[in-house]
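For reference, start.tsv is printed below; it contains TSV, C-alpha atoms.
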chain	number	residue	atom	x	y	z
N	1	MET	CA	-5.35	23.60	5.01
N	2	ILE	CA	-4.69	20.16	6.46
N	3	ASP	CA	-6.04	17.53	4.10
N	4	PRO	CA	-6.54	14.23	5.92
N	5	GLN	CA	-6.54	12.41	2.61
N	6	GLU	CA	-3.20	13.89	1.55
N	7	GLU	CA	-1.20	11.05	3.05
N	8	HIS	CA	-3.71	8.22	3.09
N	9	GLN	CA	-6.37	8.45	0.45
N	10	ASN	CA	-9.06	5.83	0.99
N	11	GLU	CA	-8.75	3.80	-2.17
N	12	ASP	CA	-10.37	0.67	-0.83
N	13	LEU	CA	-12.93	-0.88	-3.15
N	14	PHE	CA	-16.25	-2.36	-2.12
N	15	GLU	CA	-17.02	-5.01	-4.66
N	16	HIS	CA	-15.49	-6.62	-7.69
N	17	HIS	CA	-17.76	-8.29	-10.23
N	18	HIS	CA	-16.61	-10.16	-13.32
N	19	ILE	CA	-19.33	-10.96	-15.84
N	20	ILE	CA	-18.99	-12.77	-19.16
N	21	ALA	CA	-21.85	-11.87	-21.52
N	22	ASP	CA	-23.79	-14.93	-22.69
N	23	PRO	CA	-23.08	-16.13	-26.27
N	24	LYS	CA	-26.72	-15.35	-27.10
N	25	GLN	CA	-26.71	-11.97	-25.33
N	26	ALA	CA	-28.74	-9.35	-27.20
N	27	ILE	CA	-26.80	-6.15	-27.91
N	28	LEU	CA	-27.58	-3.81	-25.01
N	29	ARG	CA	-26.20	-0.62	-23.44
N	30	VAL	CA	-23.71	-1.50	-20.72
N	31	ASP	CA	-25.55	0.46	-18.02
N	32	LYS	CA	-28.81	-1.36	-18.76
N	33	PHE	CA	-26.97	-4.68	-18.98
N	34	LEU	CA	-25.47	-4.13	-15.53
N	35	MET	CA	-28.82	-3.04	-14.11
N	36	ASP	CA	-30.14	-6.49	-15.02
N	37	ARG	CA	-27.12	-8.29	-13.60
N	38	LEU	CA	-26.69	-6.22	-10.42
N	39	PRO	CA	-30.21	-5.91	-9.00
N	40	ASN	CA	-29.11	-4.34	-5.71
N	41	VAL	CA	-27.21	-1.49	-7.35
N	42	THR	CA	-28.92	1.68	-8.57
N	43	ARG	CA	-28.61	2.84	-12.17
N	44	THR	CA	-27.13	6.13	-10.92
N	45	LYS	CA	-24.35	4.26	-9.10
N	46	ILE	CA	-23.67	2.13	-12.16
N	47	GLN	CA	-23.51	5.16	-14.47
N	48	SER	CA	-21.27	7.03	-12.02
N	49	GLY	CA	-19.00	3.99	-11.80
N	50	ILE	CA	-18.70	3.87	-15.59
N	51	LYS	CA	-17.89	7.60	-15.82
N	52	ASP	CA	-15.35	7.35	-12.98
N	53	GLY	CA	-13.50	4.52	-14.66
N	54	PHE	CA	-14.61	1.61	-12.49
N	55	VAL	CA	-16.03	-0.45	-15.37
N	56	LYS	CA	-13.91	-2.11	-18.03
N	57	VAL	CA	-15.02	-4.23	-20.97
N	58	ASN	CA	-12.41	-6.56	-22.45
N	59	GLY	CA	-9.78	-4.68	-20.49
N	60	GLU	CA	-10.75	-1.23	-21.77
N	61	LEU	CA	-12.63	1.64	-20.14
N	62	VAL	CA	-16.01	2.30	-21.76
N	63	LYS	CA	-18.68	5.00	-21.86
N	64	PRO	CA	-22.25	4.48	-20.54
N	65	ASN	CA	-23.58	4.10	-24.09
N	66	TYR	CA	-21.22	1.21	-24.93
N	67	LYS	CA	-23.16	-1.72	-26.38
N	68	VAL	CA	-22.47	-5.08	-24.74
N	69	HIS	CA	-21.89	-7.91	-27.24
N	70	PRO	CA	-21.94	-11.68	-26.77
N	71	GLY	CA	-18.79	-12.93	-25.03
N	72	ASP	CA	-17.75	-9.53	-23.65
N	73	SER	CA	-15.70	-9.73	-20.45
N	74	ILE	CA	-16.88	-7.06	-18.02
N	75	HIS	CA	-15.09	-6.09	-14.78
N	76	ILE	CA	-16.91	-3.80	-12.33
N	77	TYR	CA	-15.39	-2.21	-9.23
N	78	LEU	CA	-17.94	-0.44	-7.03
N	79	SER	CA	-16.69	2.05	-4.47
N	80	GLU	CA	-17.21	1.37	-0.79
N	81	PRO	CA	-20.65	2.38	0.53
N	82	PRO	CA	-21.06	4.45	3.69
N	83	ARG	CA	-21.07	2.38	6.85
N	84	ASP	CA	-22.99	3.65	9.86
N	85	GLU	CA	-21.61	1.25	12.43
N	86	ASP	CA	-19.11	2.50	14.99
N	87	VAL	CA	-15.70	0.87	15.27
N	88	VAL	CA	-16.02	-2.29	17.37
N	89	PRO	CA	-13.35	-2.47	20.10
N	90	GLU	CA	-11.37	-5.72	19.96
N	91	ASP	CA	-8.89	-7.09	22.47
N	92	ILE	CA	-5.97	-7.35	20.07
N	93	PRO	CA	-2.45	-6.97	21.51
N	94	LEU	CA	-0.50	-3.91	20.41
N	95	ASN	CA	3.26	-3.60	20.19
N	96	ILE	CA	3.59	-0.13	21.75
N	97	VAL	CA	7.18	1.15	21.64
N	98	TYR	CA	6.41	4.55	23.21
N	99	GLU	CA	3.48	6.25	24.91
N	100	ASP	CA	2.75	9.48	26.74
N	101	LYS	CA	-0.41	11.51	27.44
N	102	TYR	CA	-0.58	12.82	23.89
N	103	LEU	CA	0.55	10.11	21.49
N	104	LEU	CA	1.88	6.61	21.09
N	105	ILE	CA	4.12	4.78	18.65
N	106	VAL	CA	2.97	1.35	17.46
N	107	ASN	CA	5.02	-1.25	15.61
N	108	LYS	CA	2.46	-2.84	13.26
N	109	PRO	CA	3.01	-6.42	12.13
N	110	ALA	CA	2.68	-7.39	8.49
N	111	GLY	CA	-0.78	-8.71	7.71
N	112	MET	CA	-2.65	-6.29	9.98
N	113	VAL	CA	-4.95	-3.86	8.22
N	114	VAL	CA	-4.70	-0.34	9.67
N	115	HIS	CA	-8.38	0.65	9.57
N	116	PRO	CA	-11.73	-1.06	8.89
N	117	ALA	CA	-12.76	-1.29	5.24
N	118	TYR	CA	-14.59	-3.66	2.96
N	119	GLN	CA	-13.73	-7.31	3.77
N	120	ASN	CA	-11.71	-6.09	6.77
N	121	TRP	CA	-14.27	-4.70	9.19
N	122	SER	CA	-12.59	-6.38	12.14
N	123	GLY	CA	-9.13	-7.33	13.34
N	124	THR	CA	-7.62	-3.99	12.34
N	125	LEU	CA	-5.26	-1.69	14.20
N	126	VAL	CA	-8.14	0.75	14.72
N	127	ASN	CA	-10.26	-1.98	16.32
N	128	ALA	CA	-7.38	-2.66	18.70
N	129	LEU	CA	-6.90	1.03	19.47
N	130	ALA	CA	-10.61	1.39	20.26
N	131	PHE	CA	-10.28	-1.36	22.86
N	132	HIS	CA	-7.11	-0.11	24.56
N	133	PHE	CA	-7.88	3.63	24.42
N	134	GLN	CA	-11.08	5.60	24.89
N	135	ASN	CA	-12.06	8.84	23.17
N	136	LEU	CA	-9.25	8.97	20.64
N	137	PRO	CA	-9.67	11.99	18.34
N	138	GLU	CA	-10.76	11.72	14.72
N	139	MET	CA	-9.48	13.93	11.94
N	140	GLU	CA	-12.13	15.79	9.97
N	141	GLY	CA	-12.91	13.85	6.83
N	142	ASN	CA	-11.38	10.72	8.36
N	143	GLU	CA	-14.24	9.65	10.63
N	144	GLY	CA	-14.30	6.09	11.86
N	145	ARG	CA	-10.52	5.97	12.17
N	146	PRO	CA	-9.80	7.27	15.68
N	147	GLY	CA	-6.21	8.24	16.41
N	148	LEU	CA	-4.96	7.81	12.84
N	149	VAL	CA	-2.79	10.49	11.29
N	150	HIS	CA	-1.23	8.29	8.60
N	151	ARG	CA	-1.22	4.65	7.58
N	152	ILE	CA	0.91	1.93	6.03
N	153	ASP	CA	-0.20	-0.95	3.82
N	154	LYS	CA	-1.58	-4.18	5.25
N	155	ASP	CA	1.46	-6.21	4.27
N	156	THR	CA	4.00	-3.54	5.19
N	157	SER	CA	5.33	-3.80	8.73
N	158	GLY	CA	6.63	-1.01	10.94
N	159	LEU	CA	6.09	2.17	12.89
N	160	LEU	CA	2.97	4.33	13.09
N	161	VAL	CA	2.29	7.36	15.30
N	162	ILE	CA	-1.16	7.55	16.90
N	163	ALA	CA	-2.65	10.76	18.31
N	164	LYS	CA	-4.38	10.57	21.71
N	165	THR	CA	-5.63	14.18	21.89
N	166	GLU	CA	-7.05	16.74	19.47
N	167	ALA	CA	-4.01	19.00	19.97
N	168	ALA	CA	-1.62	16.15	19.21
N	169	MET	CA	-3.58	15.19	16.11
N	170	THR	CA	-3.55	18.75	14.78
N	171	GLY	CA	0.19	19.14	15.42
N	172	LEU	CA	1.10	15.82	13.83
N	173	ALA	CA	-1.22	16.36	10.85
N	174	ARG	CA	0.47	19.70	10.23
N	175	GLN	CA	3.88	18.01	10.06
N	176	PHE	CA	2.61	15.37	7.64
N	177	PHE	CA	1.06	18.11	5.52
N	178	ASP	CA	4.35	20.04	5.53
N	179	HIS	CA	6.31	16.84	4.72
N	180	SER	CA	8.55	17.49	7.73
N	181	ILE	CA	8.08	13.99	9.22
N	182	GLU	CA	11.11	11.71	8.93
N	183	ARG	CA	10.05	8.34	7.52
N	184	THR	CA	12.66	5.73	6.64
N	185	TYR	CA	11.75	2.38	5.14
N	186	TYR	CA	13.89	-0.66	4.41
N	187	ALA	CA	13.03	-2.33	1.10
N	188	LEU	CA	14.40	-5.42	-0.58
N	189	VAL	CA	14.20	-4.91	-4.34
N	190	TRP	CA	15.03	-6.90	-7.43
N	191	GLY	CA	18.28	-6.00	-9.18
N	192	GLU	CA	20.77	-3.27	-8.38
N	193	PRO	CA	19.54	0.32	-8.78
N	194	GLU	CA	21.90	2.65	-10.63
N	195	PRO	CA	23.04	4.94	-9.26
N	196	SER	CA	23.30	3.23	-5.88
N	197	LYS	CA	22.03	6.40	-4.20
N	198	GLY	CA	19.52	8.78	-5.72
N	199	THR	CA	16.16	10.50	-5.74
N	200	ILE	CA	13.00	9.49	-7.59
N	201	ASP	CA	10.92	12.60	-8.23
N	202	VAL	CA	7.99	11.36	-10.31
N	203	PHE	CA	4.26	11.95	-9.99
N	204	VAL	CA	2.19	8.96	-8.86
N	205	GLY	CA	-1.55	8.35	-8.79
N	206	ARG	CA	-4.18	5.72	-9.31
N	207	SER	CA	-3.68	3.80	-12.52
N	208	LEU	CA	-6.02	4.75	-15.34
N	209	LYS	CA	-6.25	1.06	-16.24
N	210	ASP	CA	-6.59	-0.47	-12.78
N	211	ARG	CA	-7.68	1.92	-10.03
N	212	ARG	CA	-6.50	-0.44	-7.29
N	213	VAL	CA	-2.90	0.17	-8.33
N	214	THR	CA	-0.71	3.26	-8.01
N	215	THR	CA	1.34	4.07	-11.10
N	216	ALA	CA	3.97	6.60	-12.09
N	217	PHE	CA	3.14	9.53	-14.38
N	218	PRO	CA	6.56	10.86	-15.45
N	219	GLU	CA	4.99	13.63	-17.54
N	220	GLY	CA	3.21	14.95	-14.46
N	221	ASP	CA	-0.13	15.00	-16.28
N	222	PHE	CA	-1.90	12.89	-13.63
N	223	GLY	CA	-1.49	12.11	-9.95
N	224	LYS	CA	0.46	14.11	-7.38
N	225	ASN	CA	4.13	14.90	-6.95
N	226	ALA	CA	5.99	12.16	-5.08
N	227	VAL	CA	9.61	12.15	-3.95
N	228	THR	CA	11.54	9.14	-2.66
N	229	HIS	CA	15.23	9.29	-1.67
N	230	TYR	CA	16.95	5.89	-1.71
N	231	GLU	CA	20.36	4.55	-0.76
N	232	THR	CA	21.88	1.08	-1.14
N	233	ILE	CA	22.61	-0.64	2.14
N	234	LYS	CA	23.66	-4.04	0.85
N	235	GLN	CA	23.91	-5.57	-2.61
N	236	LEU	CA	23.08	-9.28	-2.66
N	237	ARG	CA	23.84	-10.20	-6.27
N	238	TYR	CA	20.30	-10.36	-7.68
N	239	VAL	CA	18.51	-8.33	-5.01
N	240	THR	CA	19.43	-5.17	-3.09
N	241	LEU	CA	18.53	-3.91	0.37
N	242	LEU	CA	17.64	-0.22	0.15
N	243	LYS	CA	16.99	2.52	2.66
N	244	CYS	CA	14.17	4.75	1.40
N	245	ASN	CA	13.31	8.15	2.85
N	246	LEU	CA	9.93	9.58	1.98
N	247	GLU	CA	9.71	13.28	1.27
N	248	THR	CA	6.04	12.84	0.37
N	249	GLY	CA	3.70	10.07	1.47
N	250	ARG	CA	1.50	8.96	-1.40
N	251	THR	CA	-0.39	5.68	-1.45
N	252	HIS	CA	1.99	2.83	-2.42
N	253	GLN	CA	4.67	5.45	-3.18
N	254	ILE	CA	7.79	3.31	-2.66
N	255	ARG	CA	6.22	0.32	-4.38
N	256	ALA	CA	5.18	2.36	-7.43
N	257	HIS	CA	8.47	4.28	-7.61
N	258	MET	CA	10.55	1.11	-7.45
N	259	LYS	CA	8.51	-0.50	-10.19
N	260	TYR	CA	8.93	2.66	-12.26
N	261	ILE	CA	12.75	2.50	-12.10
N	262	GLY	CA	12.68	-1.22	-12.93
N	263	HIS	CA	13.35	-2.61	-9.45
N	264	PRO	CA	10.07	-3.87	-7.95
N	265	LEU	CA	9.99	-4.89	-4.31
N	266	PHE	CA	10.81	-8.52	-3.66
N	267	ASN	CA	7.60	-10.61	-3.63
N	268	ASP	CA	5.34	-7.60	-4.25
N	269	ALA	CA	2.52	-9.35	-6.11
N	270	THR	CA	0.70	-6.11	-6.96
N	271	TYR	CA	3.72	-4.56	-8.68
N	272	GLY	CA	5.27	-7.59	-10.35
N	273	GLY	CA	7.88	-8.51	-7.76
N	274	ASP	CA	6.50	-11.99	-7.10
N	275	THR	CA	8.26	-13.52	-10.12
N	276	ILE	CA	11.94	-14.14	-10.73
N	277	LEU	CA	13.19	-10.93	-12.35
N	278	LYS	CA	16.95	-11.41	-11.96
N	279	GLY	CA	19.26	-14.39	-11.75
N	280	THR	CA	20.09	-17.65	-13.46
N	281	VAL	CA	17.94	-20.12	-15.36
N	282	PHE	CA	18.98	-23.06	-13.20
N	283	THR	CA	16.27	-25.07	-11.46
N	284	LYS	CA	18.18	-24.94	-8.17
N	285	TYR	CA	18.14	-21.12	-8.23
N	286	LYS	CA	14.44	-21.00	-9.07
N	287	GLN	CA	13.70	-23.28	-6.12
N	288	PHE	CA	15.83	-21.06	-3.88
N	289	VAL	CA	13.84	-17.95	-4.87
N	290	HIS	CA	10.49	-19.68	-4.39
N	291	ASN	CA	11.63	-20.76	-0.94
N	292	CYS	CA	12.42	-17.10	-0.23
N	293	PHE	CA	8.93	-16.13	-1.40
N	294	LYS	CA	7.46	-18.61	1.09
N	295	MET	CA	9.66	-17.18	3.83
N	296	ILE	CA	8.34	-13.63	3.33
N	297	PRO	CA	4.89	-14.01	1.74
N	298	ARG	CA	4.43	-10.27	1.23
N	299	GLN	CA	6.26	-7.27	-0.21
N	300	ALA	CA	9.63	-6.87	1.55
N	301	LEU	CA	8.97	-3.42	3.00
N	302	HIS	CA	9.33	-2.22	6.60
N	303	ALA	CA	8.66	1.25	8.05
N	304	LYS	CA	11.82	1.32	10.15
N	305	THR	CA	12.29	4.86	11.43
N	306	LEU	CA	9.87	7.63	12.38
N	307	GLY	CA	10.96	11.11	13.45
N	308	PHE	CA	8.97	14.26	14.24
N	309	ILE	CA	8.64	17.18	16.62
N	310	HIS	CA	6.47	16.35	19.61
N	311	PRO	CA	3.28	18.36	18.97
N	312	ILE	CA	3.02	19.49	22.61
N	313	SER	CA	6.51	19.56	24.15
N	314	LYS	CA	8.14	20.58	20.83
N	315	GLU	CA	11.00	18.17	21.56
N	316	PRO	CA	12.50	16.18	18.65
N	317	MET	CA	11.34	12.56	18.74
N	318	ARG	CA	12.89	9.71	16.77
N	319	PHE	CA	12.04	6.03	16.90
N	320	ASP	CA	13.75	3.08	15.25
N	321	SER	CA	12.57	-0.51	14.91
N	322	GLU	CA	14.21	-3.83	14.18
N	323	LEU	CA	13.39	-5.66	10.98
N	324	PRO	CA	10.75	-8.35	11.58
N	325	GLU	CA	11.70	-12.00	11.59
N	326	ASP	CA	10.50	-12.81	8.06
N	327	PHE	CA	12.55	-9.94	6.66
N	328	THR	CA	15.74	-10.85	8.55
N	329	GLN	CA	15.38	-14.50	7.58
N	330	VAL	CA	15.10	-13.78	3.88
N	331	LEU	CA	18.09	-11.42	4.07
N	332	GLU	CA	20.16	-14.14	5.76
N	333	LYS	CA	19.10	-16.61	3.10
N	334	TRP	CA	20.26	-14.27	0.33
N	335	GLU	CA	23.52	-13.55	2.17
N	336	ASN	CA	24.20	-17.28	2.45
N	337	TYR	CA	23.40	-17.73	-1.23
N	338	VAL	CA	25.84	-14.97	-2.22
N	339	ASN	CA	28.61	-16.36	0.00
N	340	HIS	CA	28.10	-19.87	-1.36
N	341	TYR	CA	28.03	-18.55	-4.94
N	342	ASP	CA	31.31	-16.65	-4.43
N	343	GLU	CA	33.01	-19.70	-2.92
N	344	GLU	CA	32.16	-21.72	-6.03
N	345	GLN	CA	33.69	-19.18	-8.40
Produce structure tokens that represent the structure in this file.
Amino acid sequence: MIDPQEEHQNEDLFEHHHIIADPKQAILRVDKFLMDRLPNVTRTKIQSGIKDGFVKVNGELVKPNYKVHPGDSIHIYLSEPPRDEDVVPEDIPLNIVYEDKYLLIVNKPAGMVVHPAYQNWSGTLVNALAFHFQNLPEMEGNEGRPGLVHRIDKDTSGLLVIAKTEAAMTGLARQFFDHSIERTYYALVWGEPEPSKGTIDVFVGRSLKDRRVTTAFPEGDFGKNAVTHYETIKQLRYVTLLKCNLETGRTHQIRAHMKYIGHPLFNDATYGGDTILKGTVFTKYKQFVHNCFKMIPRQALHAKTLGFIHPISKEPMRFDSELPEDFTQVLEKWENYVNHYDEEQ
């Protein structure tokens, strides 16, 4: 009943190829064309990739019998191959905010990948866990990721719970499956959501146009149900600090939901928040925003609070974390901007 992919589907991609067909290219089926251009990839894998939506020609999904023409722009995303190697332990410091015999709470910095994947086989949280702890359990279907019950994005900072025993993993996984875990995030978003407090109850899933991105499906015809409760903490003229509580935990849920309601996360490059979406046209303001982008070179999202029932003692557990320095600095910069703006009026 417990689906380890429910909360953290592995949507990492192995390889991205971009091929422009030669101006003198003979008209050829796309699968055969790719066989010639990708000699280390089997025809079966190429055909499966086309059918699964990992191949686009001129920005559009195609069928295996599509004929490649001169000048066609072809993007190919090949899914990650199996990797036989065990996780390599690495002596990477961990910010452990709580630990007992059964579990620990880690405050992950922005920029740290949670588990090994293509282009990030080392330097991850899992590599660090393998060094500091021996014989961490692995969830069925989630092999190679010892201790993990859930995850947060590379450039999202904040709290994660790690299981140290099989019993703890089972108990925690059950709570994630039942959506009974308390997870509160702080997010800085563009604009001012209306109403200032509300619930976003909209299906999300991998985009049909770009499978690296999560998108909203308001008709509920694709994806899975996703529920985010949000509340305004502070309005800073052109941006707003929100508190977001997750009822479900889909991949990129907050980021996709905020884009859906027209308020992308500040400096979220994947979801359009890395451009100036609100404010004036003055050069001075544009420079101010770009300085803010440099100050927090990632999406402004922090997993602040984590609450659950201890899987062994059955005692309620709740952990809170401070906002990281880059987040607090950009908030102070916006607060100073607002105060200065008001003084000039």
| field | Atomic distance CA of Lys45 (chain N) - CA of Phe33 (chain N), expressed in Å with one decimal | value | 13.6 Å
| remark: Computed gap from CA of Thr305 (chain N) to CA of Leu242 (chain N) is 13.5 Å
| query | Within 9 Å of Lys164 (chain N), counting all atoms listed in the file, which residues qualify if same-chain residues fewer than 2 places away don't, as a PyMOL selection string? | reply | chain N and resi 100-104+133-137+146-147+162+166-169
What lies within 8 Å of Leu241 (chain N) using only C-alpha atoms, ignoring chain neighbours under 5 positions off, as an mmCIF file with C-alpha atoms, in the frame of the given file?
data_model
loop_
_atom_site.group_PDB
_atom_site.id
_atom_site.type_symbol
_atom_site.label_atom_id
_atom_site.label_comp_id
_atom_site.auth_asym_id
_atom_site.auth_seq_id
_atom_site.Cartn_x
_atom_site.Cartn_y
_atom_site.Cartn_z
ATOM 1 C CA TYR N 186 13.890 -0.660 4.410
ATOM 2 C CA ALA N 187 13.030 -2.330 1.100
ATOM 3 C CA LEU N 188 14.400 -5.420 -0.580
ATOM 4 C CA VAL N 189 14.200 -4.910 -4.340
ATOM 5 C CA THR N 232 21.880 1.080 -1.140
ATOM 6 C CA ILE N 233 22.610 -0.640 2.140
ATOM 7 C CA LYS N 234 23.660 -4.040 0.850
ATOM 8 C CA GLN N 235 23.910 -5.570 -2.610
ATOM 9 C CA LEU N 236 23.080 -9.280 -2.660
#
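Selection around (3.8, 2.0, -11.0) with radius 9 Å, counting all atoms listed in the file, yields the residues Val204, Gly205, Arg206, Ser207, Val213, Thr214, Thr215, Ala216, Phe217, His252, Gln253, Arg255, Ala256, His257, Met258, Lys259, Tyr260 and Tyr271 of chain N.
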For those residues, write C-alpha atoms to a file as a PDB file, keeping the file's coordinate frame.
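Result file again-v5.pdb:
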ATOM      1  CA  VAL N 204       2.190   8.960  -8.860  1.00  0.00           C
ATOM      2  CA  GLY N 205      -1.550   8.350  -8.790  1.00  0.00           C
ATOM      3  CA  ARG N 206      -4.180   5.720  -9.310  1.00  0.00           C
ATOM      4  CA  SER N 207      -3.680   3.800 -12.520  1.00  0.00           C
ATOM      5  CA  VAL N 213      -2.900   0.170  -8.330  1.00  0.00           C
ATOM      6  CA  THR N 214      -0.710   3.260  -8.010  1.00  0.00           C
ATOM      7  CA  THR N 215       1.340   4.070 -11.100  1.00  0.00           C
ATOM      8  CA  ALA N 216       3.970   6.600 -12.090  1.00  0.00           C
ATOM      9  CA  PHE N 217       3.140   9.530 -14.380  1.00  0.00           C
ATOM     10  CA  HIS N 252       1.990   2.830  -2.420  1.00  0.00           C
ATOM     11  CA  GLN N 253       4.670   5.450  -3.180  1.00  0.00           C
ATOM     12  CA  ARG N 255       6.220   0.320  -4.380  1.00  0.00           C
ATOM     13  CA  ALA N 256       5.180   2.360  -7.430  1.00  0.00           C
ATOM     14  CA  HIS N 257       8.470   4.280  -7.610  1.00  0.00           C
ATOM     15  CA  MET N 258      10.550   1.110  -7.450  1.00  0.00           C
ATOM     16  CA  LYS N 259       8.510  -0.500 -10.190  1.00  0.00           C
ATOM     17  CA  TYR N 260       8.930   2.660 -12.260  1.00  0.00           C
ATOM     18  CA  TYR N 271       3.720  -4.560  -8.680  1.00  0.00           C
TER      19      TYR N 271
END
| field | Distance in Å - CA of Met317 (chain N) versus CA of Ile105 (chain N) | value | 10.6 Å
| task | Pick out the closest residue to Arg29 (chain N) from this set: N:Phe54, N:Leu323, N:Lys67, N:Gly272. Count only C-alpha atoms. | result | N:Lys67
Taking (11.3, 0.3, 13.6) in the coordinates of the supplied file, I want to know which residues reach to within 12 Å of it, counting all atoms listed in the file; could you give the answer as a compact mmCIF listing (two decimals) with C-alpha atoms, in the coordinates of the input?
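Dumped to result.txt:
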# COMPACT_ATOMS: atom_id res chain seq x y z
CA ASN N 95 3.26 -3.60 20.19
CA ILE N 96 3.59 -0.13 21.75
CA VAL N 97 7.18 1.15 21.64
CA TYR N 98 6.41 4.55 23.21
CA ILE N 105 4.12 4.78 18.65
CA VAL N 106 2.97 1.35 17.46
CA ASN N 107 5.02 -1.25 15.61
CA LYS N 108 2.46 -2.84 13.26
CA PRO N 109 3.01 -6.42 12.13
CA THR N 156 4.00 -3.54 5.19
CA SER N 157 5.33 -3.80 8.73
CA GLY N 158 6.63 -1.01 10.94
CA LEU N 159 6.09 2.17 12.89
CA LEU N 160 2.97 4.33 13.09
CA VAL N 161 2.29 7.36 15.30
CA ARG N 183 10.05 8.34 7.52
CA THR N 184 12.66 5.73 6.64
CA TYR N 185 11.75 2.38 5.14
CA TYR N 186 13.89 -0.66 4.41
CA LEU N 301 8.97 -3.42 3.00
CA HIS N 302 9.33 -2.22 6.60
CA ALA N 303 8.66 1.25 8.05
CA LYS N 304 11.82 1.32 10.15
CA THR N 305 12.29 4.86 11.43
CA LEU N 306 9.87 7.63 12.38
CA GLY N 307 10.96 11.11 13.45
CA ARG N 318 12.89 9.71 16.77
CA PHE N 319 12.04 6.03 16.90
CA ASP N 320 13.75 3.08 15.25
CA SER N 321 12.57 -0.51 14.91
CA GLU N 322 14.21 -3.83 14.18
CA LEU N 323 13.39 -5.66 10.98
CA PRO N 324 10.75 -8.35 11.58
| field | Shell of 9 Å around Pro70 (chain N), only C-alpha atoms, local chain residues under 6 positions omitted, as a count of residues only | value | 8
Around all the atoms of region 313-325 of chain N listed in the file, draw an axis-aligned box and extend it by 3 Å on each of the six sides; I want its centre and edge lengths in Å to one decimal, as lines of an AutoDock Vina configuration file.
center_x = 10.4
center_y = 4.3
center_z = 17.6
size_x = 13.7
size_y = 38.6
size_z = 19.2
| note | Counting only C-alpha atoms, the residue among N:Glu194, N:Glu332, N:Asp72, N:Asp31 that lies closest to His263 (chain N) is N:Glu194
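Among N:Ala128, N:Gly279, N:His310, N:Ser122, the residue with the shortest atom-to-atom distance to Thr170 (chain N), counting all atoms listed in the file, is N:His310.
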| request: Find the residue from N:Ile46, N:Leu61, N:Cys244, N:Ala163 that sits nearest to His150 (chain N); use only C-alpha atoms when measuring. | output: N:Ala163
| field | Non-local contacts of Val239 (chain N) (12 Å; only C-alpha atoms; under 4 positions in same chain excluded) as a PyMOL selection string | value | chain N and resi 187-193+232-235+263-267+273+276-279+289+292+300+330-331+333-335+337-338
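Considering the residues N:Thr240, N:Gln47, N:Gln287, N:Ser73 and counting only C-alpha atoms, His17 (chain N) has its shortest atom-to-atom contact with N:Ser73.
With all atoms listed in the file as the atoms that count, the residue of N:Ile254, N:Ile181, N:Val41, N:Val113 with the shortest distance to Arg151 (chain N) is N:Val113.
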